[in-house]
Structures are given as structure tokens and as C-alpha cells.
file upload-v6.cif (mmCIF, C-alpha atoms and all ligand atoms)
data_data
loop_
_atom_site.group_PDB
_atom_site.id
_atom_site.type_symbol
_atom_site.label_atom_id
_atom_site.label_comp_id
_atom_site.auth_asym_id
_atom_site.auth_seq_id
_atom_site.Cartn_x
_atom_site.Cartn_y
_atom_site.Cartn_z
ATOM 1 C CA MET A 1 87.116 92.296 120.424
ATOM 2 C CA ILE A 2 88.015 94.886 123.079
ATOM 3 C CA GLU A 3 87.998 92.337 125.906
ATOM 4 C CA GLU A 4 90.166 89.928 123.901
ATOM 5 C CA LEU A 5 92.681 92.671 123.155
ATOM 6 C CA GLU A 6 92.705 93.694 126.802
ATOM 7 C CA LEU A 7 93.639 90.147 127.827
ATOM 8 C CA ILE A 8 96.585 90.152 125.417
ATOM 9 C CA LYS A 9 97.593 93.608 126.598
ATOM 10 C CA GLN A 10 97.633 92.533 130.234
ATOM 11 C CA LYS A 11 99.861 89.576 129.320
ATOM 12 C CA CYS A 12 102.134 91.861 127.288
ATOM 13 C CA LEU A 13 102.458 94.395 130.135
ATOM 14 C CA LYS A 14 103.978 91.660 132.293
ATOM 15 C CA CYS A 15 106.109 90.142 129.538
ATOM 16 C CA GLU A 16 109.711 89.246 130.330
ATOM 17 C CA LYS A 17 110.428 87.098 127.294
ATOM 18 C CA CYS A 18 113.353 89.199 126.074
ATOM 19 C CA ALA A 19 116.001 91.479 127.549
ATOM 20 C CA LEU A 20 114.125 94.656 126.539
ATOM 21 C CA SER A 21 111.839 94.046 129.511
ATOM 22 C CA LYS A 22 114.776 95.034 131.756
ATOM 23 C CA THR A 23 115.405 98.403 130.106
ATOM 24 C CA ARG A 24 111.890 99.545 129.205
ATOM 25 C CA THR A 25 109.974 102.208 131.123
ATOM 26 C CA ASN A 26 106.619 101.165 129.659
ATOM 27 C CA VAL A 27 105.294 98.510 127.343
ATOM 28 C CA VAL A 28 103.823 100.204 124.262
ATOM 29 C CA PHE A 29 100.875 98.077 123.201
ATOM 30 C CA SER A 30 98.641 100.172 120.928
ATOM 31 C CA SER A 31 96.696 103.352 120.350
ATOM 32 C CA GLY A 32 93.468 104.141 118.576
ATOM 33 C CA ILE A 33 90.041 102.615 118.810
ATOM 34 C CA PRO A 34 90.131 98.890 117.958
ATOM 35 C CA ASN A 35 88.405 98.426 114.598
ATOM 36 C CA HIS A 36 88.205 95.981 111.706
ATOM 37 C CA LYS A 37 89.068 98.506 109.012
ATOM 38 C CA MET A 38 92.649 99.693 109.358
ATOM 39 C CA VAL A 39 95.730 98.869 111.401
ATOM 40 C CA LEU A 40 99.132 100.534 111.092
ATOM 41 C CA VAL A 41 102.169 98.545 112.191
ATOM 42 C CA GLY A 42 105.266 100.618 112.965
ATOM 43 C CA GLU A 43 108.747 99.550 113.980
ATOM 44 C CA ALA A 44 109.393 99.895 117.692
ATOM 45 C CA PRO A 45 108.809 102.427 120.465
ATOM 46 C CA GLY A 46 111.273 105.308 120.689
ATOM 47 C CA TYR A 47 112.144 107.492 123.680
ATOM 48 C CA TRP A 48 108.805 109.303 124.027
ATOM 49 C CA GLU A 49 106.754 106.214 123.329
ATOM 50 C CA ASP A 50 108.664 104.380 126.070
ATOM 51 C CA GLN A 51 108.058 107.285 128.449
ATOM 52 C CA LYS A 52 104.342 107.534 127.741
ATOM 53 C CA GLY A 53 103.424 103.941 126.918
ATOM 54 C CA GLU A 54 101.793 104.973 123.641
ATOM 55 C CA PRO A 55 102.965 104.496 120.034
ATOM 56 C CA PHE A 56 103.922 107.383 117.756
ATOM 57 C CA VAL A 57 103.777 110.256 120.221
ATOM 58 C CA GLY A 58 107.111 111.881 119.296
ATOM 59 C CA LYS A 59 107.869 114.062 116.263
ATOM 60 C CA ALA A 60 107.309 111.208 113.827
ATOM 61 C CA GLY A 61 103.939 110.550 115.444
ATOM 62 C CA GLN A 62 102.897 114.186 115.084
ATOM 63 C CA LEU A 63 103.683 114.011 111.380
ATOM 64 C CA LEU A 64 101.705 110.773 111.128
ATOM 65 C CA ASP A 65 98.698 112.552 112.670
ATOM 66 C CA LYS A 66 98.957 115.267 110.013
ATOM 67 C CA ILE A 67 99.241 112.748 107.177
ATOM 68 C CA PHE A 68 95.996 111.070 108.248
ATOM 69 C CA GLU A 69 94.300 114.425 108.863
ATOM 70 C CA CYS A 70 95.135 115.544 105.308
ATOM 71 C CA VAL A 71 92.695 112.962 103.960
ATOM 72 C CA GLY A 72 90.118 113.404 106.696
ATOM 73 C CA LEU A 73 91.123 110.401 108.799
ATOM 74 C CA SER A 74 91.453 110.667 112.527
ATOM 75 C CA ARG A 75 94.409 108.835 113.927
ATOM 76 C CA LYS A 76 92.514 108.177 117.167
ATOM 77 C CA ASN A 77 89.186 107.060 115.727
ATOM 78 C CA ASP A 78 90.072 105.499 112.385
ATOM 79 C CA VAL A 79 93.405 103.701 112.798
ATOM 80 C CA TYR A 80 94.538 101.157 115.358
ATOM 81 C CA ILE A 81 98.296 101.624 115.743
ATOM 82 C CA CYS A 82 100.832 99.158 117.067
ATOM 83 C CA ASN A 83 104.457 98.174 116.508
ATOM 84 C CA THR A 84 106.333 95.023 115.534
ATOM 85 C CA ILE A 85 107.881 95.025 119.010
ATOM 86 C CA LYS A 86 106.351 96.510 122.129
ATOM 87 C CA CYS A 87 109.415 97.628 124.099
ATOM 88 C CA ARG A 88 112.017 100.238 123.196
ATOM 89 C CA PRO A 89 115.394 98.975 122.007
ATOM 90 C CA PRO A 90 118.191 100.917 123.753
ATOM 91 C CA GLU A 91 119.406 103.925 121.721
ATOM 92 C CA ASN A 92 116.595 103.195 119.242
ATOM 93 C CA ARG A 93 118.653 100.507 117.520
ATOM 94 C CA ASP A 94 116.867 98.085 115.187
ATOM 95 C CA PRO A 95 115.093 95.242 117.006
ATOM 96 C CA LEU A 96 117.183 92.043 117.150
ATOM 97 C CA PRO A 97 115.786 88.875 115.540
ATOM 98 C CA ASP A 98 115.216 87.193 118.921
ATOM 99 C CA GLU A 99 113.362 90.272 120.207
ATOM 100 C CA LYS A 100 111.093 90.206 117.151
ATOM 101 C CA THR A 101 110.488 86.493 117.587
ATOM 102 C CA ALA A 102 109.703 86.869 121.303
ATOM 103 C CA CYS A 103 107.237 89.688 120.604
ATOM 104 C CA LYS A 104 105.588 88.176 117.543
ATOM 105 C CA GLU A 105 102.832 86.435 119.495
ATOM 106 C CA TYR A 106 101.444 89.825 120.589
ATOM 107 C CA LEU A 107 101.366 91.313 117.087
ATOM 108 C CA ASP A 108 99.914 88.098 115.684
ATOM 109 C CA ALA A 109 97.210 88.127 118.363
ATOM 110 C CA GLN A 110 96.353 91.781 117.680
ATOM 111 C CA LEU A 111 95.900 91.056 113.978
ATOM 112 C CA GLU A 112 94.010 87.837 114.570
ATOM 113 C CA ILE A 113 91.537 89.559 116.877
ATOM 114 C CA LEU A 114 91.061 92.616 114.655
ATOM 115 C CA LYS A 115 91.237 90.912 111.258
ATOM 116 C CA PRO A 116 91.676 94.347 109.661
ATOM 117 C CA LYS A 117 90.808 94.934 106.008
ATOM 118 C CA ILE A 118 93.834 97.227 105.567
ATOM 119 C CA ILE A 119 97.279 96.845 107.135
ATOM 120 C CA LEU A 120 99.727 99.718 106.682
ATOM 121 C CA ILE A 121 103.302 98.519 107.007
ATOM 122 C CA CYS A 122 105.173 101.557 108.216
ATOM 123 C CA GLY A 123 108.904 101.560 107.472
ATOM 124 C CA ARG A 124 111.722 99.159 106.842
ATOM 125 C CA VAL A 125 111.584 97.077 110.034
ATOM 126 C CA ALA A 126 107.856 96.369 109.669
ATOM 127 C CA LEU A 127 108.375 95.615 105.986
ATOM 128 C CA ASN A 128 110.986 93.015 106.918
ATOM 129 C CA THR A 129 108.511 91.396 109.279
ATOM 130 C CA PHE A 130 105.669 91.092 106.770
ATOM 131 C CA LEU A 131 107.288 90.983 103.340
ATOM 132 C CA PRO A 132 110.948 90.078 103.807
ATOM 133 C CA ASP A 133 111.551 89.093 100.184
ATOM 134 C CA LYS A 134 109.921 91.893 98.241
ATOM 135 C CA GLY A 135 112.777 94.411 98.159
ATOM 136 C CA GLY A 136 113.333 97.691 99.971
ATOM 137 C CA ILE A 137 110.706 100.154 101.127
ATOM 138 C CA THR A 138 111.472 102.595 98.290
ATOM 139 C CA LYS A 139 110.681 99.884 95.771
ATOM 140 C CA VAL A 140 107.483 98.503 97.295
ATOM 141 C CA ARG A 141 105.841 101.485 98.997
ATOM 142 C CA GLY A 142 102.491 102.380 97.597
ATOM 143 C CA GLN A 143 101.766 98.858 96.328
ATOM 144 C CA TRP A 144 99.000 96.641 97.651
ATOM 145 C CA PHE A 145 99.905 93.098 98.736
ATOM 146 C CA ASP A 146 97.729 90.269 100.017
ATOM 147 C CA GLY A 147 98.012 90.111 103.797
ATOM 148 C CA PRO A 148 96.777 87.880 106.623
ATOM 149 C CA TYR A 149 93.038 87.265 107.139
ATOM 150 C CA GLY A 150 92.178 88.459 103.636
ATOM 151 C CA SER A 151 93.588 91.932 104.290
ATOM 152 C CA LYS A 152 95.227 94.262 101.811
ATOM 153 C CA MET A 153 98.651 95.440 102.986
ATOM 154 C CA MET A 154 100.493 98.525 101.810
ATOM 155 C CA PRO A 155 104.066 99.396 102.801
ATOM 156 C CA ILE A 156 104.487 103.139 103.407
ATOM 157 C CA PHE A 157 107.444 105.329 104.306
ATOM 158 C CA HIS A 158 108.116 105.771 107.998
ATOM 159 C CA PRO A 159 107.387 109.363 109.109
ATOM 160 C CA SER A 160 110.928 109.648 110.564
ATOM 161 C CA TYR A 161 112.235 109.162 107.043
ATOM 162 C CA LEU A 162 109.936 111.922 105.816
ATOM 163 C CA LEU A 163 111.228 114.209 108.575
ATOM 164 C CA ARG A 164 114.741 113.733 107.221
ATOM 165 C CA ASN A 165 113.648 114.537 103.639
ATOM 166 C CA ASP A 166 112.102 117.949 103.491
ATOM 167 C CA SER A 167 111.398 118.381 99.771
ATOM 168 C CA ARG A 168 107.801 118.231 98.561
ATOM 169 C CA GLU A 169 108.731 118.171 94.896
ATOM 170 C CA LYS A 170 107.185 115.641 92.572
ATOM 171 C CA GLY A 171 108.884 112.272 93.180
ATOM 172 C CA SER A 172 110.196 113.234 96.648
ATOM 173 C CA PRO A 173 109.391 110.957 99.640
ATOM 174 C CA LYS A 174 106.788 113.457 100.969
ATOM 175 C CA TRP A 175 105.138 113.709 97.556
ATOM 176 C CA LEU A 176 105.070 109.897 97.273
ATOM 177 C CA MET A 177 103.531 109.655 100.746
ATOM 178 C CA TRP A 178 100.805 112.040 99.631
ATOM 179 C CA GLN A 179 100.011 109.758 96.676
ATOM 180 C CA ASP A 180 99.980 106.740 98.995
ATOM 181 C CA ILE A 181 97.694 108.249 101.618
ATOM 182 C CA LYS A 182 95.207 109.307 98.948
ATOM 183 C CA GLU A 183 95.149 105.730 97.599
ATOM 184 C CA ILE A 184 94.768 104.363 101.142
ATOM 185 C CA LYS A 185 91.804 106.687 101.759
ATOM 186 C CA ARG A 186 90.240 105.673 98.446
ATOM 187 C CA VAL A 187 90.309 101.993 99.433
ATOM 188 C CA TYR A 188 89.339 102.788 103.042
ATOM 189 C CA ASP A 189 86.172 104.466 101.762
ATOM 190 C CA THR A 190 85.185 101.355 99.802
ATOM 191 C CA ILE A 191 85.181 99.215 102.953
ATOM 192 C CA ASP A 192 81.747 98.711 104.297
ATOM 193 C CA ILE A 193 81.770 97.427 107.874
HETATM 194 N N1 LIG B 201 108.458 104.833 115.468
HETATM 195 C C1 LIG B 201 107.774 103.673 115.366
HETATM 196 O O1 LIG B 201 107.967 102.901 114.452
HETATM 197 N N2 LIG B 201 106.886 103.400 116.312
HETATM 198 C C2 LIG B 201 106.607 104.218 117.305
HETATM 199 O O2 LIG B 201 105.757 103.899 118.114
HETATM 200 C C3 LIG B 201 107.323 105.428 117.375
HETATM 201 C C4 LIG B 201 108.245 105.722 116.449
#
call {"tool": "encode", "arguments": {"input": "upload-v6.cif", "output": "C-alpha cells", "more": "lines below"}}
Ligand code: URA
result
Amino acid sequence: MIEELELIKQKCLKCEKCALSKTRTNVVFSSGIPNHKMVLVGEAPGYWEDQKGEPFVGKAGQLLDKIFECVGLSRKNDVYICNTIKCRPPENRDPLPDEKTACKEYLDAQLEILKPKIILICGRVALNTFLPDKGGITKVRGQWFDGPYGSKMMPIFHPSYLLRNDSREKGSPKWLMWQDIKEIKRVYDTIDI
């Protein structure tokens, strides 16, 4: 598994299939120990991710660490993290359709190699990639869907969205995220690999 992923990573690091290869500082391939239990797919690298070559290392990433920690999951050991596209779009704009298409082979390969039991679809852009016809993230977050390779997929709010919505009151985005992460941990604990 690790060797196969490394081959894809090496190909991805040299990729020039779309124009983002001209503006990137680093390709952002993944973080976390490769495993068959849980993968989180985010949107695209931002400024800090592009600088460091690692996903979710900015403010949103720090919040993501805390969310996993709250239920006793380690972001490094328990979740393999990647993005729908591997290079930063300028000014953090949404990825363009041709950029997503060009990059899809890498995400597909990551999932095919890992065949994770749980896929967390983090935010609107990732939701559009996996479940384009199901409605917006507010409607579908917290629900389980059938995913590739027999996985269960759950859309969750993107941590950047949570950073913009500070309330923790019942029904608020942070409160909903807390419900979702508890459900994710419940299912995670039932997986026996
Ligand atoms: N937001 C994402 O969706 N992915 C990252 O890697 C960083 C921020």
C-alpha cells in the first residue's frame, strides 16, 4: 500500500497537467499514516499548505486536529488526509472543472489503493466531486452515503466554515459538527481491520 501510494505521489509531484503547476510552490499530496479505515478529502491547498506541501496546516487544519482530538482520534495516526486537487488555486479560488478533471486520477488512485471503510467529504467542493446531485452541504452533512469500494461516506462541514461561525448553540454549525464527529467515531470503532 505504502509503496503504491509513493509511486503515485512521485508522479503527482512532477505533474504539469494543468496551469496550477505553474503557480504552485509545492504539490500537496497527503498527510497521515496510510490506512484502510478512514480518509478525509478536503477541497484544495491554501496558502500554508502550498508553502509546506502538507494538507490542512493552516488555521482550518488546527481546528480539524481539535475536532478529531475531541473524540480521541489522532489526525496523524488515524486519518489519511488529501484534497480533491493537489495544487493551490491562486487567491484560494474554487478549483476550475478542468483542474478537477486533470487531478482526478490522483484522488482516484489514492482511494483505490486505500479502499477506506470511511470517507469524510469535507466541504462544498469535495461534496460536488463525490455527490453532485444530493443538495448543499447544510442539507446532507451528517448523513451516510454509499461510496466507492464499499465505503461509507459522510459529508461534513469544512473547518473554515466553522471558523466563520463562532456559536456553539444547539443547531449551530459547530454543534452539528460535534454531533457528526461523535457519529463518525461510533462507526469508526465498529470497523475491525
Ligand atoms: N482547506 C482544504 O480543503 N484543504 C487543505 O488542505 C487546506 C485547507
call {"tool": "residues_near_point", "arguments": {"input": "upload-v6.cif", "point": "(106.7, 108.9, 97.9)", "cutoff": "10 Å", "atoms": "only C-alpha atoms", "output": "VMD selection string"}}
result
chain A and resid 138 141 to 142 156 to 157 162 168 to 181
call {"tool": "closest_atom_pairs", "arguments": {"input": "upload-v6.cif", "of": "chain A", "to": "ligand LIG 201 (chain B)", "cutoff": "6 Å", "atoms": "only C-alpha atoms and all ligand atoms", "output": "CSV"}}
result
residue,atom,partner,partner_atom,distance
A:Gly42,CA,B:LIG201,O1,3.8
A:Glu43,CA,B:LIG201,O1,3.5
A:Ala44,CA,B:LIG201,N2,4.5
A:Pro45,CA,B:LIG201,O2,4.1
A:Gly46,CA,B:LIG201,C3,5.2
A:Glu49,CA,B:LIG201,O2,5.8
A:Pro55,CA,B:LIG201,O2,3.4
A:Phe56,CA,B:LIG201,C3,3.9
A:Asn83,CA,B:LIG201,N2,5.8
call {"tool": "resolve_selection", "arguments": {"input": "upload-v6.cif", "expression": "the PyMOL selection byres (((chain A and resi 115) around 9) and not hetatm)", "output": "list in words"}}
result
Asn35, His36, Lys37, Gln110, Leu111, Glu112, Ile113, Leu114, Pro116, Lys117, Ile118, Pro148, Tyr149, Gly150 and Ser151 of chain A
call {"tool": "closest_residue", "arguments": {"input": "upload-v6.cif", "among": "A:Gly53, A:Pro155, A:Pro97, A:Pro132", "to": "Arg24 (chain A)", "atoms": "only C-alpha atoms"}}
result
A:Gly53
call {"tool": "atom_distance", "arguments": {"input": "upload-v6.cif", "atom1": "CA of Lys134 (chain A)", "atom2": "CA of Leu20 (chain A)"}}
result
28.7 Å
call {"tool": "atom_distance", "arguments": {"input": "upload-v6.cif", "atom1": "CA of Lys86 (chain A)", "atom2": "CA of Val140 (chain A)"}}
result
24.9 Å
call {"tool": "closest_residue", "arguments": {"input": "upload-v6.cif", "among": "A:Met38, A:Val57, A:Cys103, A:Ile2", "to": "Ala19 (chain A)", "atoms": "all atoms listed in the file"}}
result
A:Cys103
call {"tool": "closest_residue", "arguments": {"input": "upload-v6.cif", "among": "A:Ile81, A:Cys87, A:Ala109, A:Ile121", "to": "Met154 (chain A)", "atoms": "all atoms listed in the file"}}
result
A:Ile121
call {"tool": "axis_aligned_box", "arguments": {"input": "upload-v6.cif", "around": "region 60-66 of chain A", "padding_each_side": "8 Å", "output": "AutoDock Vina command-line options"}}
result
--center_x 103.0 --center_y 112.9 --center_z 112.7 --size_x 24.6 --size_y 20.7 --size_z 21.4
call {"tool": "closest_residue", "arguments": {"input": "upload-v6.cif", "among": "A:Arg164, A:Glu54, A:Glu91, A:Val41", "to": "Ile119 (chain A)", "atoms": "all atoms listed in the file"}}
result
A:Val41
call {"tool": "resolve_selection", "arguments": {"input": "upload-v6.cif", "expression": "the PyMOL selection byres (((chain A and resi 104) around 12) and not hetatm)", "output": "PyMOL selection string"}}
result
chain A and resi 12+17-18+82-86+95+97-103+105-112+126+129-130
call {"tool": "atom_distance", "arguments": {"input": "upload-v6.cif", "atom1": "CA of Ala60 (chain A)", "atom2": "CA of Pro159 (chain A)"}}
result
5.1 Å
call {"tool": "closest_atom_pairs", "arguments": {"input": "upload-v6.cif", "of": "region 26-128 of chain A", "to": "region 182-186 of chain A", "cutoff": "9 Å", "atoms": "only C-alpha atoms", "output": "tab-separated table"}}
result
residue	atom	partner	partner_atom	distance
A:Phe68	CA	A:Lys185	CA	8.9
A:Cys70	CA	A:Lys182	CA	8.9
A:Val71	CA	A:Lys182	CA	6.7
A:Gly72	CA	A:Lys185	CA	8.5
A:Leu73	CA	A:Lys185	CA	8.0
A:Ile118	CA	A:Ile184	CA	8.4
A:Leu120	CA	A:Ile184	CA	8.8
call {"tool": "write_last_selection", "arguments": {"input": "upload-v6.cif", "atoms": "C-alpha atoms", "output": "PDB file, in the frame of the given file"}}
result
ATOM      1  CA  PHE A  68      95.996 111.070 108.248  1.00  0.00           C
ATOM      2  CA  CYS A  70      95.135 115.544 105.308  1.00  0.00           C
ATOM      3  CA  VAL A  71      92.695 112.962 103.960  1.00  0.00           C
ATOM      4  CA  GLY A  72      90.118 113.404 106.696  1.00  0.00           C
ATOM      5  CA  LEU A  73      91.123 110.401 108.799  1.00  0.00           C
ATOM      6  CA  ILE A 118      93.834  97.227 105.567  1.00  0.00           C
ATOM      7  CA  LEU A 120      99.727  99.718 106.682  1.00  0.00           C
TER       8      LEU A 120
END
call {"tool": "residues_around", "arguments": {"input": "upload-v6.cif", "residues": "Ser160 (chain A)", "least_positions_apart": "6", "cutoff": "10 Å", "atoms": "all atoms listed in the file", "output": "ChimeraX atom specification"}}
result
/A:58-61,63-64,123
call {"tool": "closest_residue", "arguments": {"input": "upload-v6.cif", "among": "A:Glu69, A:Phe145, A:Tyr80, A:Val125", "to": "Arg93 (chain A)", "atoms": "only C-alpha atoms"}}
result
A:Val125
call {"tool": "resolve_selection", "arguments": {"input": "upload-v6.cif", "expression": "the PyMOL selection byres (((chain A and resi 9) around 10) and not hetatm)", "output": "list in words"}}
result
Glu3, Glu4, Leu5, Glu6, Leu7, Ile8, Gln10, Lys11, Cys12, Leu13, Lys14, Cys15, Val27, Val28, Phe29, Ser30, Tyr106, Ala109 and Gln110 of chain A
call {"tool": "closest_residue", "arguments": {"input": "upload-v6.cif", "among": "A:Tyr161, A:Gly136, A:Trp144, A:Asp166", "to": "Val187 (chain A)", "atoms": "all atoms listed in the file"}}
result
A:Trp144
